[in-house]
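J.: entry_2.cif is reproduced in full below (mmCIF, C-alpha atoms).
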```
data_entry
loop_
_atom_site.label_atom_id
_atom_site.label_comp_id
_atom_site.auth_asym_id
_atom_site.auth_seq_id
_atom_site.Cartn_x
_atom_site.Cartn_y
_atom_site.Cartn_z
CA ALA A 288 -9.27 8.24 -34.81
CA VAL A 289 -7.78 4.78 -35.16
CA ILE A 290 -7.29 3.15 -38.58
CA LEU A 291 -8.51 -0.43 -38.30
CA ASN A 292 -6.68 -1.52 -41.47
CA LEU A 293 -3.43 -1.38 -39.48
CA PRO A 294 -2.31 -4.51 -37.57
CA PRO A 295 -3.31 -4.46 -33.85
CA SER A 296 0.35 -4.43 -32.81
CA ILE A 297 0.90 -0.93 -34.25
CA ARG A 298 -2.70 0.32 -34.49
CA TYR A 299 -2.57 2.30 -31.24
CA ASN A 300 0.94 3.69 -31.56
CA SER A 301 0.91 7.45 -31.07
CA ALA A 302 2.29 7.96 -34.59
CA ASN A 303 -0.72 6.16 -36.08
CA ILE A 304 -3.51 7.86 -34.12
CA ILE A 305 -5.19 10.84 -35.79
CA LEU A 306 -6.23 13.75 -33.56
CA LEU A 307 -9.68 14.87 -34.73
CA ALA A 308 -10.52 17.80 -32.44
CA ILE A 309 -9.72 19.57 -29.17
CA TRP A 310 -12.24 21.49 -27.08
CA CYS A 311 -11.04 24.13 -24.62
CA GLY A 312 -13.51 26.02 -22.46
CA PRO A 313 -15.19 26.38 -19.05
CA SER A 314 -18.00 23.96 -19.95
CA LYS A 315 -18.55 20.69 -21.78
CA PRO A 316 -18.48 20.99 -25.57
CA CYS A 317 -21.40 21.55 -27.90
CA MET A 318 -21.30 18.17 -29.61
CA LYS A 319 -22.71 19.38 -32.93
CA LEU A 320 -20.16 22.19 -33.13
CA LEU A 321 -17.31 19.87 -32.13
CA PHE A 322 -18.17 17.08 -34.56
CA GLN A 323 -19.36 18.98 -37.64
CA PRO A 324 -15.95 19.59 -39.32
CA VAL A 325 -14.97 15.97 -38.61
CA ILE A 326 -18.23 14.63 -40.03
CA ASP A 327 -17.88 16.72 -43.20
CA THR A 328 -14.41 15.26 -43.79
CA LEU A 329 -15.50 11.69 -43.03
CA ASN A 330 -18.45 11.95 -45.43
CA THR A 331 -16.15 13.22 -48.16
CA LEU A 332 -13.85 10.25 -47.63
CA TYR A 333 -16.87 7.94 -47.68
CA CYS A 334 -18.35 9.31 -50.93
CA LYS A 335 -15.45 10.66 -52.97
CA GLY A 336 -12.52 8.93 -51.29
CA ILE A 337 -8.93 10.00 -51.66
CA LYS A 338 -6.65 9.31 -54.63
CA VAL A 339 -3.33 7.62 -53.89
CA GLN A 340 -0.47 6.40 -56.08
CA THR A 341 0.41 2.71 -55.75
CA HIS A 342 2.84 0.43 -57.59
CA GLU A 343 -0.16 -0.73 -59.62
CA GLY A 344 -1.09 2.83 -60.55
CA PRO A 345 -3.47 5.44 -59.12
CA LYS A 346 -6.29 4.21 -56.87
CA THR A 347 -9.18 5.81 -55.01
CA ILE A 348 -9.54 4.69 -51.40
CA HIS A 349 -12.78 5.22 -49.49
CA ALA A 350 -13.10 5.33 -45.70
CA LYS A 351 -15.98 4.31 -43.45
CA VAL A 352 -16.53 4.82 -39.73
CA LEU A 353 -17.04 1.41 -38.12
CA ASN A 354 -17.27 2.31 -34.44
CA GLY A 355 -17.70 5.32 -32.19
CA ILE A 356 -16.01 4.65 -28.84
CA PHE A 357 -17.20 6.75 -25.88
CA ASP A 358 -17.22 6.30 -22.14
CA THR A 359 -20.60 6.11 -20.40
CA VAL A 360 -20.68 9.80 -19.44
CA ALA A 361 -19.81 11.09 -22.93
CA LYS A 362 -22.03 8.61 -24.78
CA ALA A 363 -25.32 10.24 -23.75
CA PRO A 364 -24.68 13.78 -25.08
CA VAL A 365 -23.05 12.40 -28.22
CA MET A 366 -26.13 10.23 -28.92
CA GLY A 367 -28.57 12.96 -27.85
CA LEU A 368 -29.92 10.79 -24.99
CA LYS A 369 -30.55 11.18 -21.29
CA GLN A 370 -27.76 10.00 -19.03
CA PHE A 371 -27.70 6.39 -17.81
CA ASN A 372 -29.55 7.38 -14.59
CA GLY A 373 -32.48 8.92 -16.50
CA ILE A 374 -35.67 7.29 -17.73
CA CYS A 375 -34.94 5.30 -20.90
CA GLY A 376 -31.24 6.11 -20.52
CA CYS A 377 -30.20 2.80 -22.07
CA PRO A 378 -28.63 3.40 -25.52
CA VAL A 379 -29.54 -0.10 -26.73
CA CYS A 380 -33.17 -0.70 -25.73
CA LEU A 381 -36.27 1.11 -24.43
CA HIS A 382 -36.10 -0.22 -20.86
CA PRO A 383 -37.26 2.68 -18.61
CA GLY A 384 -35.26 1.41 -15.64
CA LYS A 385 -36.12 1.61 -11.95
CA ARG A 386 -35.05 4.61 -9.88
CA LEU A 387 -33.52 3.92 -6.47
CA SER A 388 -33.52 6.14 -3.38
CA ASN A 389 -29.92 7.25 -4.01
CA ASN A 390 -30.98 8.67 -7.42
CA SER A 391 -29.28 5.87 -9.34
CA ARG A 392 -31.19 3.77 -11.85
CA ILE A 393 -31.03 0.03 -12.41
CA TYR A 394 -32.20 -1.98 -15.41
CA LEU A 395 -33.58 -5.28 -14.16
CA PRO A 396 -34.08 -8.14 -16.65
CA ASP A 397 -37.71 -8.41 -15.55
CA GLU A 398 -39.20 -8.36 -19.02
CA GLU A 399 -38.33 -7.89 -22.67
CA HIS A 400 -38.10 -4.37 -24.07
CA ALA A 401 -37.93 -3.29 -27.69
CA ARG A 402 -34.48 -2.54 -29.08
CA ARG A 403 -33.70 0.91 -30.37
CA ILE A 404 -33.64 1.32 -34.14
CA HIS A 405 -31.37 3.87 -35.80
CA GLU A 406 -33.99 5.22 -38.22
CA GLU A 407 -36.60 5.58 -35.49
CA MET A 408 -34.14 7.43 -33.24
CA CYS A 409 -33.37 9.93 -36.00
CA ASP A 410 -37.08 10.53 -36.73
CA ILE A 411 -37.96 10.96 -33.05
CA ALA A 412 -35.01 13.32 -32.51
CA ILE A 413 -36.30 15.63 -35.24
CA GLU A 414 -39.73 15.71 -33.58
CA VAL A 415 -38.22 16.27 -30.13
CA GLU A 416 -36.23 19.26 -31.39
CA ARG A 417 -39.42 20.67 -32.95
CA THR A 418 -41.60 20.25 -29.85
CA GLY A 419 -39.02 20.44 -27.08
CA ILE A 420 -40.60 17.37 -25.43
CA SER A 421 -38.35 14.39 -24.74
CA GLU A 422 -39.49 10.99 -25.97
CA GLN A 423 -37.94 7.55 -25.38
CA GLY A 424 -35.08 9.24 -23.52
CA ILE A 425 -34.09 11.26 -26.61
CA LEU A 426 -33.24 14.94 -25.96
CA ASN A 427 -31.95 16.05 -29.38
CA SER A 428 -30.52 14.73 -32.60
CA SER A 429 -27.07 13.18 -32.54
CA PRO A 430 -24.34 14.69 -34.72
CA LEU A 431 -23.23 11.12 -35.45
CA SER A 432 -26.52 10.48 -37.25
CA HIS A 433 -25.12 12.58 -40.11
CA ILE A 434 -22.17 10.25 -40.68
CA LEU A 435 -22.92 8.29 -43.84
CA GLY A 436 -23.18 4.54 -43.28
CA PHE A 437 -23.11 4.92 -39.48
CA ASN A 438 -25.68 3.29 -37.18
CA LEU A 439 -26.23 4.88 -33.76
CA VAL A 440 -27.29 1.59 -32.18
CA GLU A 441 -25.03 -0.96 -33.84
CA ASN A 442 -21.84 1.09 -34.21
CA ILE A 443 -21.50 2.47 -30.66
CA PRO A 444 -20.35 -0.43 -28.45
CA VAL A 445 -20.73 -0.90 -24.70
CA ASP A 446 -18.34 1.13 -22.54
CA TYR A 447 -16.00 -1.64 -21.38
CA MET A 448 -14.20 0.53 -18.80
CA HIS A 449 -17.25 1.56 -16.76
CA VAL A 450 -19.18 -1.69 -17.21
CA GLY A 451 -16.22 -4.02 -16.65
CA PRO A 452 -13.27 -2.90 -14.48
CA GLU A 453 -15.05 0.02 -12.76
CA GLY A 454 -18.45 -1.68 -12.79
CA ILE A 455 -18.90 -5.36 -12.06
CA VAL A 456 -15.30 -5.92 -10.86
CA LYS A 457 -15.45 -3.07 -8.34
CA ARG A 458 -18.89 -4.20 -7.18
CA MET A 459 -17.73 -7.79 -6.60
CA MET A 460 -14.71 -6.61 -4.61
CA ASN A 461 -16.95 -4.43 -2.45
CA CYS A 462 -19.17 -7.47 -1.79
CA TRP A 463 -16.18 -9.64 -0.81
CA PHE A 464 -14.65 -7.13 1.62
CA LYS A 465 -17.63 -5.18 3.01
CA LYS A 466 -18.02 -5.80 6.76
CA SER A 467 -21.81 -5.94 6.54
CA ASN A 468 -21.41 -9.13 4.46
CA HIS A 469 -19.50 -10.96 7.22
CA THR A 470 -22.16 -13.69 7.39
CA LYS A 471 -22.02 -14.41 3.66
CA ALA A 472 -20.18 -17.44 2.31
CA TYR A 473 -18.17 -15.27 -0.07
CA TYR A 474 -16.98 -12.78 2.59
CA LEU A 475 -13.18 -12.28 2.49
CA GLY A 476 -12.76 -9.37 4.89
CA SER A 477 -11.05 -11.54 7.51
CA LYS A 478 -8.42 -12.53 4.94
CA LEU A 479 -7.89 -9.08 3.49
CA LYS A 480 -4.64 -8.41 5.36
CA SER A 481 -2.88 -11.49 3.96
CA LEU A 482 -4.38 -10.89 0.52
CA ASP A 483 -3.09 -7.31 0.59
CA SER A 484 0.36 -8.54 1.56
CA GLU A 485 0.51 -10.92 -1.41
CA LEU A 486 -0.84 -8.30 -3.81
CA LEU A 487 1.83 -5.76 -2.83
CA LYS A 488 4.56 -8.34 -3.52
CA GLN A 489 3.63 -8.48 -7.20
CA LYS A 490 6.17 -6.96 -9.58
CA PRO A 491 4.38 -6.25 -12.89
CA PRO A 492 6.33 -5.61 -16.12
CA HIS A 493 7.02 -2.10 -17.31
CA ASP A 494 4.03 -1.97 -19.67
CA PHE A 495 1.64 -1.97 -16.67
CA SER A 496 0.73 1.66 -16.08
CA ARG A 497 0.59 1.29 -12.26
CA ALA A 498 2.12 -0.88 -9.55
CA PRO A 499 -0.32 -2.66 -7.22
CA ARG A 500 -1.81 -0.62 -4.37
CA SER A 501 -3.38 -1.84 -1.15
CA ILE A 502 -7.02 -2.96 -1.36
CA GLN A 503 -7.66 -2.06 2.27
CA LYS A 504 -6.17 1.44 2.14
CA HIS A 505 -6.48 2.57 -1.47
CA MET A 506 -9.20 0.64 -3.34
CA MET A 507 -11.57 3.62 -3.16
CA TYR A 508 -8.95 5.54 -5.17
CA TRP A 509 -8.11 2.80 -7.67
CA LYS A 510 -8.14 3.80 -11.33
CA ALA A 511 -9.72 1.71 -14.09
CA SER A 512 -6.27 0.36 -15.07
CA GLU A 513 -5.83 -1.01 -11.53
CA PHE A 514 -9.18 -2.79 -11.54
CA ARG A 515 -8.30 -4.13 -15.00
CA ALA A 516 -4.95 -5.49 -13.80
CA TRP A 517 -6.67 -7.07 -10.79
CA LEU A 518 -9.31 -8.69 -13.01
CA LEU A 519 -7.01 -10.04 -15.71
CA TYR A 520 -3.76 -10.85 -13.89
CA TYR A 521 -3.69 -10.69 -10.10
CA SER A 522 -7.05 -11.94 -8.83
CA LEU A 523 -7.22 -15.60 -9.89
CA PRO A 524 -3.79 -16.64 -8.50
CA LEU A 525 -4.30 -14.65 -5.28
CA LEU A 526 -7.86 -15.89 -4.66
CA LEU A 527 -7.16 -19.55 -5.47
CA HIS A 528 -7.06 -20.77 -1.85
CA ILE A 529 -9.09 -17.91 -0.36
CA LEU A 530 -12.38 -17.67 -2.24
CA PRO A 531 -14.64 -20.74 -1.74
CA PRO A 532 -14.50 -23.11 -4.76
CA LEU A 533 -18.04 -22.44 -6.02
CA PHE A 534 -17.52 -18.67 -6.06
CA TYR A 535 -13.97 -19.01 -7.38
CA HIS A 536 -15.15 -21.10 -10.33
CA HIS A 537 -17.94 -18.63 -11.10
CA TYR A 538 -15.51 -15.69 -10.93
CA ALA A 539 -12.97 -17.56 -13.10
CA LEU A 540 -15.59 -17.79 -15.86
CA LEU A 541 -15.91 -13.99 -15.78
CA VAL A 542 -12.13 -13.52 -15.98
CA CYS A 543 -11.86 -15.98 -18.89
CA ALA A 544 -14.70 -14.22 -20.71
CA PHE A 545 -12.88 -10.87 -20.47
CA HIS A 546 -9.64 -12.45 -21.70
CA LEU A 547 -11.48 -13.84 -24.73
CA LEU A 548 -13.27 -10.59 -25.53
CA LEU A 549 -10.09 -8.51 -25.20
CA GLN A 550 -8.11 -10.55 -27.73
CA ASP A 551 -6.96 -8.88 -30.92
CA ASN A 552 -8.81 -11.58 -32.88
CA LEU A 553 -12.07 -13.21 -31.78
#
```
Spell out the structure here as structure tokens.

T.:
Amino acid sequence: AVILNLPPSIRYNSANIILLAIWCGPSKPCMKLLFQPVIDTLNTLYCKGIKVQTHEGPKTIHAKVLNGIFDTVAKAPVMGLKQFNGICGCPVCLHPGKRLSNNSRIYLPDEEHARRIHEEMCDIAIEVERTGISEQGILNSSPLSHILGFNLVENIPVDYMHVGPEGIVKRMMNCWFKKSNHTKAYYLGSKLKSLDSELLKQKPPHDFSRAPRSIQKHMMYWKASEFRAWLLYYSLPLLLHILPPLFYHHYALLVCAFHLLLQDNL
């Protein structure tokens, strides 16, 4: 747990992060069992609060959960939904998606679909648990639905890591360097050797978790932090005279958007 009242500069220091639970076992955790003690405590803090002594005298401070942060794989079982490659696997709307031959599922913006509503999700989950029949991609009730003042739709944000660095960024790089795209205007495979050479010359500061690795040899093994560093710091200077201007400008808009959204203050 992270306390959002703390300034961003110290918010994520190890001394200020509260460990809520640990699960050890041969299988993934039972979410209801894992979260129940935490939820009981959070609801007590929400309703009764905790009494503290200040220089102005005793005060009662209440706490509220503002966000639940989960990666894409963990989000589904926590919310009681099908995974992202299942029918109606989107946690935000009721788009059924289109299944591809490789068993993945895409959500094309072909038409408008109703947004999920917290109250409706809770009601449907109760009925699904009674009948055992999934509806709207819901498999069971979410333990988070028992957190007072918490909204399953509004308070669980998009998974930035999988959607951003390991999603669109990785996909764009595959498009640029894939040999089958050699006839495309954006193809950079012929310039990959020189690009790799420049990338490996970069000397990032100590707060970067990893030094640059070769795109040609190691990109398939890159971690999210490496795609993030490429997106935010390396790519624009290195691609300046390599990527055609139209595509470079378009990509620069994406990079700037991520820089804006990742600021401590919006």

J.: Could you please determine the separation between atom CA of Cys377 of chain A and atom CA of Gly424 of chain A in Å, to one decimal place?

T.: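 A separation of 8.2 Å between them.
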
J.: Atom CA of Asn427 of chain A to atom CA of Phe371 of chain A: how many Å, to one decimal?

T.: 15.7 Å

J.: Please enumerate the residues selected by the PyMOL selection byres ((chain A and resi 369) around 7) when evaluated against the supplied file, formatted as a list in words.

T.: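 Matching residues under the PyMOL selection byres ((chain A and resi 369) around 7) are Ala363, Leu368, Gln370, Phe371, Gly373, Gly376, Gly424, Ile425 and Leu426 of chain A.
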
J.: With C-alpha atoms retained, export the selected residues as a short mmCIF file (atom, residue, chain, number, x, y, z; two decimals), in the frame of the given file.

T.:
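Written file, selection17.cif:
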```
data_model
loop_
_atom_site.label_atom_id
_atom_site.label_comp_id
_atom_site.auth_asym_id
_atom_site.auth_seq_id
_atom_site.Cartn_x
_atom_site.Cartn_y
_atom_site.Cartn_z
CA ALA A 363 -25.32 10.24 -23.75
CA LEU A 368 -29.92 10.79 -24.99
CA GLN A 370 -27.76 10.00 -19.03
CA PHE A 371 -27.70 6.39 -17.81
CA GLY A 373 -32.48 8.92 -16.50
CA GLY A 376 -31.24 6.11 -20.52
CA GLY A 424 -35.08 9.24 -23.52
CA ILE A 425 -34.09 11.26 -26.61
CA LEU A 426 -33.24 14.94 -25.96
#
```

J.: Under the rule that all atoms listed in the file are counted, which of A:Leu487, A:Met366, A:Met460, A:Leu540 is the nearest residue to Ser501 of chain A?

T.: A:Leu487

J.: Take the PyMOL selection byres ((chain A and resi 500) around 9), run it mentally on this structure, and tell me the resulting residues as a count of residues only.

T.: 14

J.: Taking into account only C-alpha atoms, which residue in the set A:Leu526, A:Leu293, A:Ile420, A:Val445 is nearest to Phe357 of chain A?

T.: A:Val445

J.: Could you jot down the atom CA of Ala516 of chain A to atom CA of Pro491 of chain A separation for me, Å, one decimal place?

T.: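 That distance, rounded to one decimal, is 9.4 Å.
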
J.: Check which residues satisfy the PyMOL selection byres ((chain A and resi 476-480) around 9) in the file shown, then give them as a list in words.

T.: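 Evaluating the PyMOL selection byres ((chain A and resi 476-480) around 9) on these coordinates yields Trp463, Phe464, Lys465, Lys466, Asn468, His469, Tyr474, Leu475, Ser481, Leu482, Asp483, Ser484, Glu485, Ile502, Gln503 and Ile529 of chain A.
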
J.: Restore N, CA and C atoms in segment 372-406 of chain A and list the result as a PDB file, in the frame of the given file.

T.:
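The result, stored in result-v7.pdb:
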```
ATOM      1  N   ASN A 372     -28.681   7.396 -15.764  1.00  0.00           N
ATOM      2  CA  ASN A 372     -29.550   7.380 -14.590  1.00  0.00           C
ATOM      3  C   ASN A 372     -30.888   8.073 -14.856  1.00  0.00           C
ATOM      4  N   GLY A 373     -31.197   8.324 -16.131  1.00  0.00           N
ATOM      5  CA  GLY A 373     -32.480   8.920 -16.500  1.00  0.00           C
ATOM      6  C   GLY A 373     -33.416   7.873 -17.074  1.00  0.00           C
ATOM      7  N   ILE A 374     -34.684   8.207 -17.161  1.00  0.00           N
ATOM      8  CA  ILE A 374     -35.670   7.290 -17.730  1.00  0.00           C
ATOM      9  C   ILE A 374     -35.318   7.002 -19.191  1.00  0.00           C
ATOM     10  N   CYS A 375     -35.315   5.739 -19.550  1.00  0.00           N
ATOM     11  CA  CYS A 375     -34.940   5.300 -20.900  1.00  0.00           C
ATOM     12  C   CYS A 375     -33.523   5.774 -21.252  1.00  0.00           C
ATOM     13  N   GLY A 376     -32.618   5.685 -20.277  1.00  0.00           N
ATOM     14  CA  GLY A 376     -31.240   6.110 -20.520  1.00  0.00           C
ATOM     15  C   GLY A 376     -30.392   5.051 -21.183  1.00  0.00           C
ATOM     16  N   CYS A 377     -30.960   3.860 -21.412  1.00  0.00           N
ATOM     17  CA  CYS A 377     -30.200   2.800 -22.070  1.00  0.00           C
ATOM     18  C   CYS A 377     -30.050   3.121 -23.558  1.00  0.00           C
ATOM     19  N   PRO A 378     -28.831   3.083 -24.099  1.00  0.00           N
ATOM     20  CA  PRO A 378     -28.630   3.400 -25.520  1.00  0.00           C
ATOM     21  C   PRO A 378     -28.969   2.253 -26.456  1.00  0.00           C
ATOM     22  N   VAL A 379     -29.305   1.084 -25.902  1.00  0.00           N
ATOM     23  CA  VAL A 379     -29.540  -0.100 -26.730  1.00  0.00           C
ATOM     24  C   VAL A 379     -31.022  -0.453 -26.833  1.00  0.00           C
ATOM     25  N   CYS A 380     -31.756  -0.318 -25.717  1.00  0.00           N
ATOM     26  CA  CYS A 380     -33.170  -0.700 -25.730  1.00  0.00           C
ATOM     27  C   CYS A 380     -34.014   0.371 -25.051  1.00  0.00           C
ATOM     28  N   LEU A 381     -35.323   0.127 -24.972  1.00  0.00           N
ATOM     29  CA  LEU A 381     -36.270   1.110 -24.430  1.00  0.00           C
ATOM     30  C   LEU A 381     -36.678   0.779 -22.998  1.00  0.00           C
ATOM     31  N   HIS A 382     -35.837   0.090 -22.274  1.00  0.00           N
ATOM     32  CA  HIS A 382     -36.100  -0.220 -20.860  1.00  0.00           C
ATOM     33  C   HIS A 382     -36.121   1.095 -20.073  1.00  0.00           C
ATOM     34  N   PRO A 383     -37.215   1.413 -19.357  1.00  0.00           N
ATOM     35  CA  PRO A 383     -37.260   2.680 -18.610  1.00  0.00           C
ATOM     36  C   PRO A 383     -36.384   2.686 -17.385  1.00  0.00           C
ATOM     37  N   GLY A 384     -36.065   1.495 -16.844  1.00  0.00           N
ATOM     38  CA  GLY A 384     -35.260   1.410 -15.640  1.00  0.00           C
ATOM     39  C   GLY A 384     -36.080   1.679 -14.387  1.00  0.00           C
ATOM     40  N   LYS A 385     -35.477   1.388 -13.243  1.00  0.00           N
ATOM     41  CA  LYS A 385     -36.120   1.610 -11.950  1.00  0.00           C
ATOM     42  C   LYS A 385     -35.240   2.528 -11.116  1.00  0.00           C
ATOM     43  N   ARG A 386     -35.815   3.639 -10.655  1.00  0.00           N
ATOM     44  CA  ARG A 386     -35.050   4.610  -9.880  1.00  0.00           C
ATOM     45  C   ARG A 386     -34.951   4.193  -8.427  1.00  0.00           C
ATOM     46  N   LEU A 387     -33.744   4.260  -7.860  1.00  0.00           N
ATOM     47  CA  LEU A 387     -33.520   3.920  -6.470  1.00  0.00           C
ATOM     48  C   LEU A 387     -33.476   5.182  -5.609  1.00  0.00           C
ATOM     49  N   SER A 388     -33.478   5.001  -4.302  1.00  0.00           N
ATOM     50  CA  SER A 388     -33.520   6.140  -3.380  1.00  0.00           C
ATOM     51  C   SER A 388     -32.283   7.017  -3.464  1.00  0.00           C
ATOM     52  N   ASN A 389     -31.149   6.454  -3.905  1.00  0.00           N
ATOM     53  CA  ASN A 389     -29.920   7.250  -4.010  1.00  0.00           C
ATOM     54  C   ASN A 389     -29.793   7.939  -5.371  1.00  0.00           C
ATOM     55  N   ASN A 390     -30.887   7.977  -6.120  1.00  0.00           N
ATOM     56  CA  ASN A 390     -30.980   8.670  -7.420  1.00  0.00           C
ATOM     57  C   ASN A 390     -30.274   7.921  -8.540  1.00  0.00           C
ATOM     58  N   SER A 391     -29.822   6.695  -8.267  1.00  0.00           N
ATOM     59  CA  SER A 391     -29.280   5.870  -9.340  1.00  0.00           C
ATOM     60  C   SER A 391     -30.425   5.110  -9.999  1.00  0.00           C
ATOM     61  N   ARG A 392     -30.151   4.497 -11.120  1.00  0.00           N
ATOM     62  CA  ARG A 392     -31.190   3.770 -11.850  1.00  0.00           C
ATOM     63  C   ARG A 392     -30.644   2.412 -12.263  1.00  0.00           C
ATOM     64  N   ILE A 393     -31.433   1.383 -12.047  1.00  0.00           N
ATOM     65  CA  ILE A 393     -31.030   0.030 -12.410  1.00  0.00           C
ATOM     66  C   ILE A 393     -31.962  -0.498 -13.494  1.00  0.00           C
ATOM     67  N   TYR A 394     -31.433  -1.399 -14.304  1.00  0.00           N
ATOM     68  CA  TYR A 394     -32.200  -1.980 -15.410  1.00  0.00           C
ATOM     69  C   TYR A 394     -32.311  -3.487 -15.178  1.00  0.00           C
ATOM     70  N   LEU A 395     -33.377  -3.876 -14.504  1.00  0.00           N
ATOM     71  CA  LEU A 395     -33.580  -5.280 -14.160  1.00  0.00           C
ATOM     72  C   LEU A 395     -34.086  -6.067 -15.360  1.00  0.00           C
ATOM     73  N   PRO A 396     -33.610  -7.307 -15.524  1.00  0.00           N
ATOM     74  CA  PRO A 396     -34.080  -8.140 -16.650  1.00  0.00           C
ATOM     75  C   PRO A 396     -35.445  -8.760 -16.341  1.00  0.00           C
ATOM     76  N   ASP A 397     -36.405  -7.902 -15.968  1.00  0.00           N
ATOM     77  CA  ASP A 397     -37.710  -8.410 -15.550  1.00  0.00           C
ATOM     78  C   ASP A 397     -38.602  -8.754 -16.732  1.00  0.00           C
ATOM     79  N   GLU A 398     -38.390  -8.098 -17.846  1.00  0.00           N
ATOM     80  CA  GLU A 398     -39.200  -8.360 -19.020  1.00  0.00           C
ATOM     81  C   GLU A 398     -38.475  -7.857 -20.271  1.00  0.00           C
ATOM     82  N   GLU A 399     -38.950  -8.291 -21.409  1.00  0.00           N
ATOM     83  CA  GLU A 399     -38.330  -7.890 -22.670  1.00  0.00           C
ATOM     84  C   GLU A 399     -38.743  -6.473 -23.042  1.00  0.00           C
ATOM     85  N   HIS A 400     -37.807  -5.715 -23.583  1.00  0.00           N
ATOM     86  CA  HIS A 400     -38.100  -4.370 -24.070  1.00  0.00           C
ATOM     87  C   HIS A 400     -37.582  -4.229 -25.494  1.00  0.00           C
ATOM     88  N   ALA A 401     -38.289  -3.460 -26.281  1.00  0.00           N
ATOM     89  CA  ALA A 401     -37.930  -3.290 -27.690  1.00  0.00           C
ATOM     90  C   ALA A 401     -36.541  -2.671 -27.817  1.00  0.00           C
ATOM     91  N   ARG A 402     -35.794  -3.118 -28.804  1.00  0.00           N
ATOM     92  CA  ARG A 402     -34.480  -2.540 -29.080  1.00  0.00           C
ATOM     93  C   ARG A 402     -34.636  -1.218 -29.820  1.00  0.00           C
ATOM     94  N   ARG A 403     -33.706  -0.347 -29.616  1.00  0.00           N
ATOM     95  CA  ARG A 403     -33.700   0.910 -30.370  1.00  0.00           C
ATOM     96  C   ARG A 403     -33.343   0.627 -31.826  1.00  0.00           C
ATOM     97  N   ILE A 404     -33.908   1.426 -32.711  1.00  0.00           N
ATOM     98  CA  ILE A 404     -33.640   1.320 -34.140  1.00  0.00           C
ATOM     99  C   ILE A 404     -33.128   2.668 -34.627  1.00  0.00           C
ATOM    100  N   HIS A 405     -32.047   2.648 -35.364  1.00  0.00           N
ATOM    101  CA  HIS A 405     -31.370   3.870 -35.800  1.00  0.00           C
ATOM    102  C   HIS A 405     -32.339   4.844 -36.493  1.00  0.00           C
ATOM    103  N   GLU A 406     -33.090   4.344 -37.451  1.00  0.00           N
ATOM    104  CA  GLU A 406     -33.990   5.220 -38.220  1.00  0.00           C
ATOM    105  C   GLU A 406     -35.055   5.850 -37.326  1.00  0.00           C
TER     106      GLU A 406
END
```
